[in-house]
file query-v3.txt (compact mmCIF, C-alpha atoms)
# COMPACT_ATOMS: atom_id res chain seq x y z
CA MET T 1 67.64 72.45 151.01
CA ARG T 2 66.02 74.12 148.04
CA SER T 3 62.25 74.25 147.77
CA TYR T 4 60.36 73.31 144.60
CA ASN T 5 59.91 76.96 143.61
CA GLU T 6 63.60 77.68 144.14
CA LYS T 7 64.57 74.82 141.82
CA ILE T 8 62.08 75.88 139.12
CA SER T 9 63.27 79.47 139.42
CA ILE T 10 66.83 78.35 138.79
CA TYR T 11 65.84 76.29 135.72
CA ASN T 12 63.78 79.20 134.43
CA GLY T 13 66.72 81.53 134.99
CA MET T 14 69.04 79.18 133.09
CA ALA T 15 66.78 79.25 130.02
CA SER T 16 66.51 83.04 130.30
CA THR T 17 70.28 83.39 130.59
CA VAL T 18 70.92 81.40 127.43
CA ALA T 19 68.26 83.35 125.54
CA MET T 20 69.82 86.65 126.60
CA ASN T 21 73.41 85.53 126.01
CA PHE T 22 72.55 84.40 122.49
CA SER T 23 70.89 87.74 121.69
CA ASN T 24 71.41 90.87 123.81
CA ASN T 25 75.15 90.36 124.25
CA PHE T 26 75.62 90.61 120.49
CA PHE T 27 73.12 93.32 119.61
CA PRO T 28 75.78 96.10 119.54
CA ILE T 29 78.27 94.23 117.35
CA PHE T 30 75.41 93.08 115.09
CA ALA T 31 74.27 96.69 114.71
CA ILE T 32 77.79 97.98 113.99
CA THR T 33 79.10 95.25 111.67
CA ILE T 34 75.94 94.15 109.85
CA LEU T 35 73.59 97.16 110.02
CA SER T 36 76.29 99.90 109.89
CA ALA T 37 74.77 101.70 112.88
CA THR T 38 76.10 105.12 113.89
CA ASN T 39 77.44 105.97 117.36
CA TYR T 40 74.12 107.63 118.16
CA GLN T 41 72.20 104.51 117.14
CA VAL T 42 74.53 102.31 119.19
CA GLY T 43 73.75 104.52 122.18
CA LEU T 44 70.04 104.06 121.55
CA ILE T 45 70.43 100.29 121.91
CA SER T 46 71.07 100.96 125.62
CA SER T 47 68.67 103.92 125.97
CA LEU T 48 65.48 102.73 124.27
CA PRO T 49 64.69 99.77 126.58
CA PRO T 50 64.63 101.90 129.75
CA LEU T 51 62.60 104.60 127.96
CA MET T 52 59.95 102.05 127.06
CA ALA T 53 60.18 100.64 130.58
CA LEU T 54 59.51 104.13 131.92
CA LEU T 55 56.38 104.42 129.80
CA MET T 56 55.19 100.92 130.67
CA THR T 57 55.95 100.70 134.38
CA ILE T 58 52.73 102.30 135.63
CA PRO T 59 50.47 100.23 133.32
CA ALA T 60 52.47 97.15 134.34
CA ALA T 61 52.04 98.02 138.01
CA ILE T 62 48.28 98.34 137.54
CA LEU T 63 48.11 94.92 135.89
CA LEU T 64 50.26 93.32 138.59
CA ASN T 65 48.34 94.91 141.46
CA ARG T 66 45.03 93.70 140.06
CA ALA T 67 46.18 90.22 139.10
CA HIS T 68 45.27 87.27 141.34
CA GLU T 69 48.00 85.18 139.70
CA HIS T 70 51.24 86.68 138.47
CA LYS T 71 52.98 83.77 136.77
CA ARG T 72 50.60 83.53 133.79
CA LEU T 73 50.94 87.26 133.10
CA VAL T 74 54.73 87.07 133.36
CA ALA T 75 54.96 83.97 131.14
CA MET T 76 52.86 85.57 128.38
CA SER T 77 55.04 88.68 128.56
CA ILE T 78 58.21 86.60 128.21
CA LEU T 79 56.77 84.77 125.22
CA LEU T 80 55.83 88.00 123.45
CA ALA T 81 59.24 89.53 124.11
CA ARG T 82 61.12 86.50 122.76
CA LEU T 83 58.99 86.49 119.60
CA MET T 84 60.74 89.74 118.70
CA PHE T 85 63.95 87.78 118.10
CA MET T 86 62.37 86.34 114.96
CA LEU T 87 61.66 89.86 113.66
CA ILE T 88 65.37 90.62 114.01
CA VAL T 89 66.14 87.46 112.03
CA VAL T 90 64.19 88.72 109.00
CA LEU T 91 64.93 92.47 109.14
CA VAL T 92 68.11 92.03 107.07
CA TYR T 93 65.87 91.30 104.07
CA LEU T 94 64.47 94.82 104.07
CA PRO T 95 65.21 96.45 100.68
CA SER T 96 66.46 99.71 102.20
CA GLU T 97 69.77 99.11 104.00
CA SER T 98 69.67 102.61 105.48
CA MET T 99 66.46 101.72 107.30
CA GLN T 100 67.63 98.40 108.75
CA ALA T 101 69.35 99.96 111.77
CA TRP T 102 66.27 102.07 112.59
CA VAL T 103 63.95 99.08 112.24
CA PHE T 104 66.27 97.13 114.53
CA LEU T 105 66.00 99.91 117.11
CA ALA T 106 62.20 99.90 116.75
CA ILE T 107 62.16 96.16 117.47
CA ILE T 108 64.39 96.69 120.50
CA ALA T 109 61.93 99.31 121.76
CA LEU T 110 58.89 97.09 121.17
CA MET T 111 60.62 94.17 122.87
CA SER T 112 61.03 96.30 125.97
CA VAL T 113 57.26 96.65 126.45
CA PRO T 114 56.57 93.02 127.47
CA ASN T 115 60.04 92.80 129.05
CA THR T 116 59.07 95.53 131.51
CA LEU T 117 56.00 93.63 132.64
CA ALA T 118 57.98 90.39 132.82
CA ASN T 119 60.78 91.89 134.92
CA MET T 120 58.50 93.64 137.38
CA GLY T 121 56.22 90.61 137.59
CA TRP T 122 59.15 88.29 138.25
CA GLN T 123 60.45 90.52 141.05
CA THR T 124 57.02 90.60 142.67
CA LEU T 125 56.48 86.86 142.14
CA ILE T 126 59.83 85.73 143.52
CA SER T 127 59.77 88.13 146.48
CA GLY T 128 56.58 86.43 147.67
CA MET T 129 57.97 82.92 147.21
CA ILE T 130 61.35 83.27 148.92
CA SER T 131 61.44 83.95 152.65
CA ASP T 132 63.67 86.65 154.12
CA SER T 133 65.81 84.04 155.84
CA ARG T 134 66.46 82.22 152.56
CA ARG T 135 66.86 85.25 150.30
CA GLY T 136 70.61 85.81 150.65
CA ALA T 137 71.56 82.16 150.18
CA PHE T 138 69.06 81.59 147.37
CA PHE T 139 70.09 84.57 145.25
CA SER T 140 73.76 83.83 145.81
CA ASP T 141 73.33 80.22 144.63
CA ARG T 142 71.01 81.23 141.79
CA ASN T 143 73.30 83.97 140.50
CA ARG T 144 76.31 81.66 140.62
CA LEU T 145 74.54 78.86 138.72
CA LEU T 146 73.11 81.23 136.11
CA THR T 147 76.51 82.79 135.60
CA MET T 148 77.98 79.33 134.98
CA VAL T 149 75.32 78.69 132.34
CA GLY T 150 76.02 82.10 130.84
CA LEU T 151 79.73 81.36 130.73
CA VAL T 152 79.28 78.05 128.89
CA SER T 153 76.77 79.48 126.40
CA THR T 154 78.86 82.57 125.68
CA LEU T 155 82.05 80.53 125.29
CA THR T 156 80.23 78.24 122.86
CA VAL T 157 79.10 81.20 120.75
CA GLY T 158 82.59 82.68 120.75
CA ILE T 159 84.22 79.46 119.56
CA VAL T 160 81.58 78.51 116.97
CA MET T 161 81.32 82.06 115.56
CA LYS T 162 85.02 82.88 115.85
CA ASP T 163 85.31 83.91 112.19
CA ALA T 164 81.69 84.93 111.61
CA SER T 165 81.57 88.51 112.87
CA ASN T 166 80.47 89.74 109.42
CA ASN T 167 78.27 86.75 108.55
CA VAL T 168 74.57 87.63 108.47
CA ALA T 169 73.42 83.98 108.56
CA ALA T 170 75.42 83.35 111.74
CA TYR T 171 73.53 86.10 113.58
CA GLN T 172 70.21 84.80 112.26
CA ILE T 173 70.94 81.33 113.64
CA LEU T 174 72.02 82.86 116.94
CA PHE T 175 68.81 84.84 117.39
CA ALA T 176 66.65 81.88 116.30
CA ILE T 177 68.25 79.71 118.99
CA ALA T 178 67.61 82.49 121.50
CA PHE T 179 63.93 82.37 120.55
CA GLY T 180 63.84 78.63 121.21
CA PHE T 181 65.24 79.07 124.71
CA GLY T 182 62.73 81.87 125.23
CA LEU T 183 59.93 79.38 124.68
CA LEU T 184 61.48 77.09 127.29
CA GLU T 185 61.83 80.06 129.65
CA ALA T 186 58.09 80.84 129.44
CA PHE T 187 57.19 77.17 129.93
CA LEU T 188 59.31 76.88 133.08
CA LEU T 189 57.90 80.11 134.47
CA MET T 190 54.44 78.53 134.36
CA LYS T 191 55.73 75.59 136.45
CA HIS T 192 56.10 77.76 139.56
CA ASP T 193 53.73 76.91 142.39
CA GLU T 194 52.02 80.23 143.11
CA GLU T 195 49.34 80.78 145.70
CA THR T 196 46.51 82.61 143.98
CA THR T 197 44.64 85.34 145.81
CA ARG T 198 40.88 84.91 145.80
CA VAL T 199 38.82 87.81 147.06
CA GLU T 200 35.36 87.16 148.47
CA GLY T 201 32.67 89.74 147.76
CA PRO T 202 33.26 93.03 145.94
CA VAL T 203 36.72 93.48 144.45
CA VAL T 204 38.69 96.22 146.16
CA ARG T 205 40.97 97.94 143.69
CA LYS T 206 44.43 98.67 144.94
CA LYS T 207 45.48 102.28 144.71
CA LEU T 208 47.86 103.27 141.93
CA MET T 209 50.50 104.71 144.25
CA ASP T 210 51.25 104.53 147.96
CA TRP T 211 53.05 107.78 148.80
CA SER T 212 53.70 106.61 152.34
CA ILE T 213 56.73 104.69 151.08
CA PHE T 214 58.61 107.99 151.03
CA LYS T 215 58.18 108.25 154.80
CA HIS T 216 60.65 105.37 155.18
CA SER T 217 63.97 107.19 155.28
CA GLY T 218 65.98 104.02 154.75
CA TYR T 219 64.16 103.26 151.50
CA VAL T 220 64.44 106.86 150.26
CA SER T 221 68.16 106.97 150.98
CA PHE T 222 68.68 103.67 149.19
CA LEU T 223 66.64 104.99 146.25
CA VAL T 224 68.80 108.10 145.85
CA ALA T 225 72.07 106.18 146.15
CA ALA T 226 70.97 103.36 143.84
CA LEU T 227 69.73 105.73 141.12
CA PHE T 228 72.97 107.70 141.16
CA PHE T 229 75.03 104.51 141.03
CA ASN T 230 72.99 103.08 138.14
CA PHE T 231 73.21 106.36 136.22
CA ALA T 232 77.01 106.41 136.53
CA TRP T 233 77.26 102.69 135.77
CA GLN T 234 75.03 102.70 132.67
CA MET T 235 76.48 105.92 131.27
CA ALA T 236 79.48 104.03 129.91
CA TRP T 237 77.68 101.06 128.35
CA GLY T 238 77.49 102.59 124.87
CA ILE T 239 81.06 103.88 125.16
CA PHE T 240 82.34 100.39 125.99
CA ASN T 241 80.57 98.92 122.94
CA ILE T 242 81.96 101.57 120.60
CA TYR T 243 85.47 101.38 122.07
CA HIS T 244 85.62 97.58 121.86
CA VAL T 245 84.29 97.27 118.30
CA ARG T 246 85.30 100.50 116.53
CA VAL T 247 88.57 101.40 118.31
CA VAL T 248 89.95 98.03 119.36
CA GLY T 249 88.41 95.99 116.53
CA ALA T 250 87.08 93.20 118.75
CA THR T 251 85.33 90.33 116.94
CA ILE T 252 82.52 88.10 118.22
CA PHE T 253 85.23 85.80 119.62
CA TRP T 254 86.80 88.56 121.70
CA ILE T 255 83.45 89.99 122.79
CA SER T 256 82.66 86.48 124.00
CA MET T 257 86.02 86.19 125.76
CA PHE T 258 85.36 89.48 127.58
CA SER T 259 82.06 88.06 128.80
CA VAL T 260 83.51 84.63 129.65
CA GLY T 261 86.27 86.12 131.79
CA ASN T 262 83.77 88.40 133.50
CA MET T 263 81.31 85.60 134.23
CA LEU T 264 84.01 83.16 135.38
CA MET T 265 85.12 85.68 137.98
CA GLN T 266 81.51 86.17 139.06
CA ILE T 267 81.09 82.42 139.57
CA LEU T 268 84.16 82.30 141.80
CA THR T 269 83.29 85.36 143.86
CA PHE T 270 79.51 85.21 144.46
CA PRO T 271 80.07 83.18 147.68
CA LEU T 272 82.61 85.75 148.89
CA TRP T 273 80.19 88.66 148.55
CA LYS T 274 77.46 86.62 150.25
CA LYS T 275 79.78 85.84 153.18
CA TRP T 276 80.98 89.43 153.49
CA ALA T 277 77.40 90.77 153.39
CA GLU T 278 76.34 88.37 156.15
CA ARG T 279 79.28 89.41 158.33
CA GLN T 280 78.97 93.14 157.72
CA SER T 281 75.84 94.45 155.98
CA ASN T 282 74.57 94.64 152.41
CA VAL T 283 75.05 98.40 152.15
CA ARG T 284 78.53 98.46 153.68
CA VAL T 285 79.83 95.73 151.39
CA PHE T 286 78.15 97.35 148.38
CA VAL T 287 80.38 100.40 148.90
CA TRP T 288 83.43 98.28 148.09
CA ALA T 289 81.75 96.79 145.04
CA ALA T 290 80.94 100.28 143.76
CA ILE T 291 84.54 101.44 144.30
CA GLY T 292 85.75 98.48 142.27
CA MET T 293 83.29 99.23 139.47
CA ALA T 294 84.78 102.74 139.26
CA SER T 295 88.14 101.34 138.15
CA THR T 296 86.87 99.57 135.01
CA PRO T 297 86.42 102.54 132.60
CA PHE T 298 89.80 104.00 133.61
CA LEU T 299 91.65 100.70 133.15
CA THR T 300 89.88 99.92 129.85
CA VAL T 301 91.27 102.86 127.87
CA LEU T 302 94.86 102.36 129.02
CA SER T 303 95.46 99.87 126.18
CA THR T 304 93.90 98.43 123.03
CA ASN T 305 95.54 95.05 123.54
CA LEU T 306 92.79 92.42 123.42
CA TYR T 307 94.44 90.16 125.99
CA TYR T 308 94.82 93.08 128.39
CA LEU T 309 91.16 94.05 127.90
CA THR T 310 90.12 90.48 128.62
CA VAL T 311 91.98 90.70 131.94
CA VAL T 312 90.29 94.04 132.74
CA GLN T 313 86.84 92.59 132.01
CA THR T 314 87.70 89.56 134.13
CA ILE T 315 88.68 91.75 137.08
CA SER T 316 85.50 93.80 136.67
CA GLY T 317 83.51 90.58 137.09
CA PHE T 318 84.72 90.39 140.70
CA PHE T 319 83.00 93.67 141.55
CA LEU T 320 80.03 93.08 139.25
CA SER T 321 79.13 89.92 141.16
CA GLY T 322 78.81 92.03 144.29
CA VAL T 323 76.64 94.59 142.52
CA VAL T 324 74.34 91.93 141.04
CA LEU T 325 73.93 90.12 144.35
CA LEU T 326 73.63 93.09 146.69
CA LEU T 327 71.62 95.68 144.76
CA PHE T 328 68.42 93.63 144.52
CA ASN T 329 68.90 92.39 148.10
CA LEU T 330 69.14 96.01 149.23
CA LEU T 331 65.94 96.89 147.36
CA LEU T 332 64.01 94.12 149.11
CA GLU T 333 65.71 94.78 152.45
CA GLN T 334 64.83 98.47 152.50
CA SER T 335 61.30 98.08 151.08
CA PRO T 336 58.61 97.85 153.78
CA GLU T 337 56.87 94.50 153.34
CA SER T 338 53.37 96.02 153.44
CA SER T 339 54.10 98.21 150.41
CA ARG T 340 56.87 96.25 148.69
CA THR T 341 55.14 96.20 145.29
CA TYR T 342 54.90 100.00 145.33
CA CYS T 343 58.55 100.29 146.37
CA ILE T 344 59.66 98.01 143.55
CA THR T 345 57.46 99.88 141.06
CA THR T 346 58.81 103.28 142.11
CA TYR T 347 62.38 102.01 141.92
CA ASN T 348 61.81 100.65 138.42
CA VAL T 349 60.17 103.87 137.17
CA LEU T 350 63.00 106.07 138.39
CA LEU T 351 65.65 103.56 137.33
CA ALA T 352 64.20 103.46 133.81
CA PHE T 353 64.34 107.25 133.57
CA ALA T 354 67.98 107.29 134.69
CA ALA T 355 68.86 104.39 132.39
CA PHE T 356 67.37 106.22 129.40
CA LEU T 357 69.38 109.37 130.02
CA ALA T 358 72.66 107.76 131.08
CA PRO T 359 73.80 106.21 127.74
CA GLN T 360 72.83 109.39 125.88
CA VAL T 361 74.95 111.46 128.26
CA GLY T 362 77.76 108.96 127.76
CA ILE T 363 77.60 109.23 123.95
CA TRP T 364 77.46 113.02 124.23
CA MET T 365 80.62 112.94 126.36
CA LEU T 366 82.25 110.62 123.83
CA ASN T 367 81.48 112.94 120.91
CA ALA T 368 82.44 116.06 122.86
CA TRP T 369 85.72 115.00 124.49
CA GLY T 370 86.71 111.66 123.00
CA VAL T 371 86.65 108.17 124.41
CA GLU T 372 89.49 108.54 126.93
CA ILE T 373 88.17 111.66 128.68
CA ALA T 374 84.64 110.21 128.67
CA MET T 375 85.88 107.05 130.39
CA TYR T 376 87.92 108.99 132.96
CA LEU T 377 84.91 111.15 133.82
CA ASN T 378 82.75 108.06 134.14
CA SER T 379 85.21 106.50 136.57
CA GLY T 380 85.02 109.66 138.66
CA LEU T 381 81.21 109.56 138.75
CA ARG T 382 81.21 105.87 139.69
CA LEU T 383 83.60 106.63 142.54
CA LEU T 384 81.31 109.43 143.69
CA SER T 385 78.37 107.01 143.70
CA ALA T 386 80.35 104.78 146.08
CA ALA T 387 80.75 107.80 148.36
CA VAL T 388 76.99 108.31 148.33
CA PHE T 389 76.42 104.70 149.39
CA PHE T 390 79.02 105.17 152.12
CA ALA T 391 77.04 108.16 153.40
CA VAL T 392 73.94 105.95 153.47
CA TYR T 393 75.86 103.35 155.47
CA VAL T 394 77.09 105.93 157.96
CA ARG T 395 73.56 107.27 158.41
CA TYR T 396 71.53 104.05 158.34
CA GLY T 397 73.91 101.09 158.25
CA ARG T 398 73.65 100.32 161.96
CA VAL T 399 70.00 101.25 162.42
CA PRO T 400 67.58 98.31 162.67
CA LYS T 401 65.25 98.20 159.69
CA GLU T 402 62.12 98.33 161.83
CA LEU T 403 63.17 101.73 163.19
CA LEU T 404 63.59 103.34 159.75

call {"tool": "encode", "arguments": {"input": "query-v3.txt", "output": "structure tokens"}}
result
Amino acid sequence: MRSYNEKISIYNGMASTVAMNFSNNFFPIFAITILSATNYQVGLISSLPPLMALLMTIPAAILLNRAHEHKRLVAMSILLARLMFMLIVVLVYLPSESMQAWVFLAIIALMSVPNTLANMGWQTLISGMISDSRRGAFFSDRNRLLTMVGLVSTLTVGIVMKDASNNVAAYQILFAIAFGFGLLEAFLLMKHDEETTRVEGPVVRKKLMDWSIFKHSGYVSFLVAALFFNFAWQMAWGIFNIYHVRVVGATIFWISMFSVGNMLMQILTFPLWKKWAERQSNVRVFVWAAIGMASTPFLTVLSTNLYYLTVVQTISGFFLSGVVLLLFNLLLEQSPESSRTYCITTYNVLLAFAAFLAPQVGIWMLNAWGVEIAMYLNSGLRLLSAAVFFAVYVRYGRVPKELL
């Protein structure tokens, strides 16, 4: 039976999902079709958020470590981030069309500042509210429900905006609706029941970094494997956007169909990954998810047929559901409870650095060797990342966590 906080977290996640699906999913096609963004600028859409996250993670960690109550800080960060949607609504009125794409990228970068604090704060907040025994079931149920909401919202956008891929007003309405759901998201975040920490006497400041986390070999091994996997995974994000819009000519309707197929498969398969992880182990099952993710770039460039690409994106949703469910579980599982905030902070700092470089490397590969070779190379790197996780499983998969 779900607790009050679990229910509120799900409602909050639903509002967040709609806000993101009405905005972030369509940023690349908006930049290409309305703002005439270059390939380099399209790559920056993926690279700038993690760069800003890299710069903001340490300040965010300081704020979170010193805060007695996290939910208010997280809610204010969400609200500030969603306000940026309204700046995107009005940027098309700038007199210089050549500057619109750069201003859009600047807004994306600024939006990432409060988003970093919100994401880290949410991870810290929810990890303290959900017990270890409930974590697997809760995140499986939550991810499945949020994916269903994402499917419905994305399908709605695709149908309503079927013939509006080049309509500026349609995007403005879309981003304004996203802002409205962002307000609801912040409101629901504040409804969580958080136990505040009150310190008697002099306030003892927590140290900025706890280097002892690197003595935990299980955490360090997970960190290396996860960073390599994320680098290989995120390298192709910009290439996918360019291939789908510039090469294939996908409209908002087809972009939505790609997402709908992907999310529908996630809804159907979240319980399977949960069951497999409980029977085996998170890291062992993640190896299979990573192998599956390696097939997507290779299969994508085999054809420009939109129906075929919808099938490919649907199949990729099967493996993506495993990645979404297991990666965060692995982070919490391999992070010592006494220093979990530091483990999460370190992971986010290094992940942001990798996520900044990865799309730029992907665009460089695209410009140097073309889209097909770039996708084939990315599939190879993704497969190699699965091998790294397999090595982690062989070394640590059967070792009790308390011995690591």

call {"tool": "atom_distance", "arguments": {"input": "query-v3.txt", "atom1": "atom CA of T:Ser379", "atom2": "atom CA of T:Asn39"}}
result
20.7 Å

call {"tool": "atom_distance", "arguments": {"input": "query-v3.txt", "atom1": "atom CA of T:Gly370", "atom2": "atom CA of T:Leu299"}}
result
15.7 Å

call {"tool": "residues_near_point", "arguments": {"input": "query-v3.txt", "point": "(73.1, 86.2, 119.1)", "cutoff": "7 Å", "atoms": "all atoms listed in the file", "output": "list of chain:residue names"}}
result
T:Asn21, T:Phe22, T:Ser23, T:Asn24, T:Asn25, T:Phe26, T:Tyr171, T:Leu174, T:Phe175

call {"tool": "atom_distance", "arguments": {"input": "query-v3.txt", "atom1": "atom CA of T:Ala368", "atom2": "atom CA of T:Val224"}}
result
27.9 Å

call {"tool": "residues_around", "arguments": {"input": "query-v3.txt", "residues": "T:Ala61", "least_positions_apart": "6", "cutoff": "9 Å", "atoms": "only C-alpha atoms", "output": "list in words"}}
result
Leu117, Met120, Gly121, Leu208, Thr341, Tyr342 and Thr345 of chain T

call {"tool": "closest_residue", "arguments": {"input": "query-v3.txt", "among": "T:Phe187, T:Phe356, T:Trp233, T:Trp122", "to": "T:Ile45", "atoms": "only C-alpha atoms"}}
result
T:Phe356

call {"tool": "closest_residue", "arguments": {"input": "query-v3.txt", "among": "T:Ala289, T:Ala354, T:Leu320, T:Ala232", "to": "T:Asn378", "atoms": "all atoms listed in the file"}}
result
T:Ala232

call {"tool": "residues_around", "arguments": {"input": "query-v3.txt", "residues": "stretch 389-396 of chain T", "least_positions_apart": "2", "cutoff": "12 Å", "atoms": "all atoms listed in the file", "output": "PyMOL selection string"}}
result
chain T and resi 216-230+280-291+327+330+334+382-387+398-404

call {"tool": "closest_atom_pairs", "arguments": {"input": "query-v3.txt", "of": "stretch 142-164 of chain T", "to": "stretch 245-253 of chain T", "cutoff": "7 Å", "atoms": "only C-alpha atoms", "output": "tab-separated table"}}
result
residue	atom	partner	partner_atom	distance
T:Gly158	CA	T:Phe253	CA	4.2
T:Ile159	CA	T:Phe253	CA	6.4
T:Met161	CA	T:Ile252	CA	6.7
T:Lys162	CA	T:Phe253	CA	4.8

call {"tool": "closest_residue", "arguments": {"input": "query-v3.txt", "among": "T:Val361, T:Val371, T:Ala81, T:Leu64", "to": "T:Leu44", "atoms": "all atoms listed in the file"}}
result
T:Val361

call {"tool": "closest_residue", "arguments": {"input": "query-v3.txt", "among": "T:Ser131, T:Gln266, T:Trp276, T:Tyr376", "to": "T:Val301", "atoms": "only C-alpha atoms"}}
result
T:Tyr376

call {"tool": "closest_residue", "arguments": {"input": "query-v3.txt", "among": "T:His192, T:Trp237, T:Ile363, T:Thr124", "to": "T:Cys343", "atoms": "only C-alpha atoms"}}
result
T:Thr124

call {"tool": "residues_around", "arguments": {"input": "query-v3.txt", "residues": "stretch 302-319 of chain T", "least_positions_apart": "6", "cutoff": "10 Å", "atoms": "all atoms listed in the file", "output": "VMD selection string"}}
result
chain T and resid 243 to 244 247 to 250 254 to 270 272 to 273 286 288 to 296 372

call {"tool": "closest_residue", "arguments": {"input": "query-v3.txt", "among": "T:Ile173, T:Leu91, T:Val74, T:Ala60", "to": "T:Val160", "atoms": "all atoms listed in the file"}}
result
T:Ile173

call {"tool": "residues_around", "arguments": {"input": "query-v3.txt", "residues": "T:Met129", "least_positions_apart": "6", "cutoff": "12 Å", "atoms": "all atoms listed in the file", "output": "PDB file with C-alpha atoms, in the frame of the given file"}}
result
ATOM      1  CA  ARG T   2      66.020  74.120 148.040  1.00  0.00           C
ATOM      2  CA  SER T   3      62.250  74.250 147.770  1.00  0.00           C
ATOM      3  CA  TYR T   4      60.360  73.310 144.600  1.00  0.00           C
ATOM      4  CA  ASN T   5      59.910  76.960 143.610  1.00  0.00           C
ATOM      5  CA  GLU T   6      63.600  77.680 144.140  1.00  0.00           C
ATOM      6  CA  LYS T   7      64.570  74.820 141.820  1.00  0.00           C
ATOM      7  CA  ILE T   8      62.080  75.880 139.120  1.00  0.00           C
ATOM      8  CA  SER T   9      63.270  79.470 139.420  1.00  0.00           C
ATOM      9  CA  HIS T  70      51.240  86.680 138.470  1.00  0.00           C
ATOM     10  CA  LYS T  71      52.980  83.770 136.770  1.00  0.00           C
ATOM     11  CA  TRP T 122      59.150  88.290 138.250  1.00  0.00           C
ATOM     12  CA  GLN T 123      60.450  90.520 141.050  1.00  0.00           C
ATOM     13  CA  ARG T 135      66.860  85.250 150.300  1.00  0.00           C
ATOM     14  CA  PHE T 138      69.060  81.590 147.370  1.00  0.00           C
ATOM     15  CA  HIS T 192      56.100  77.760 139.560  1.00  0.00           C
ATOM     16  CA  ASP T 193      53.730  76.910 142.390  1.00  0.00           C
ATOM     17  CA  GLU T 194      52.020  80.230 143.110  1.00  0.00           C
ATOM     18  CA  GLU T 195      49.340  80.780 145.700  1.00  0.00           C
ATOM     19  CA  THR T 196      46.510  82.610 143.980  1.00  0.00           C
TER      20      THR T 196
END

call {"tool": "axis_aligned_box", "arguments": {"input": "query-v3.txt", "around": "stretch 61-80 of chain T", "padding_each_side": "4 Å", "output": "AutoDock Vina command-line options"}}
result
--center_x 51.6 --center_y 90.9 --center_z 132.5 --size_x 21.2 --size_y 22.8 --size_z 26.0
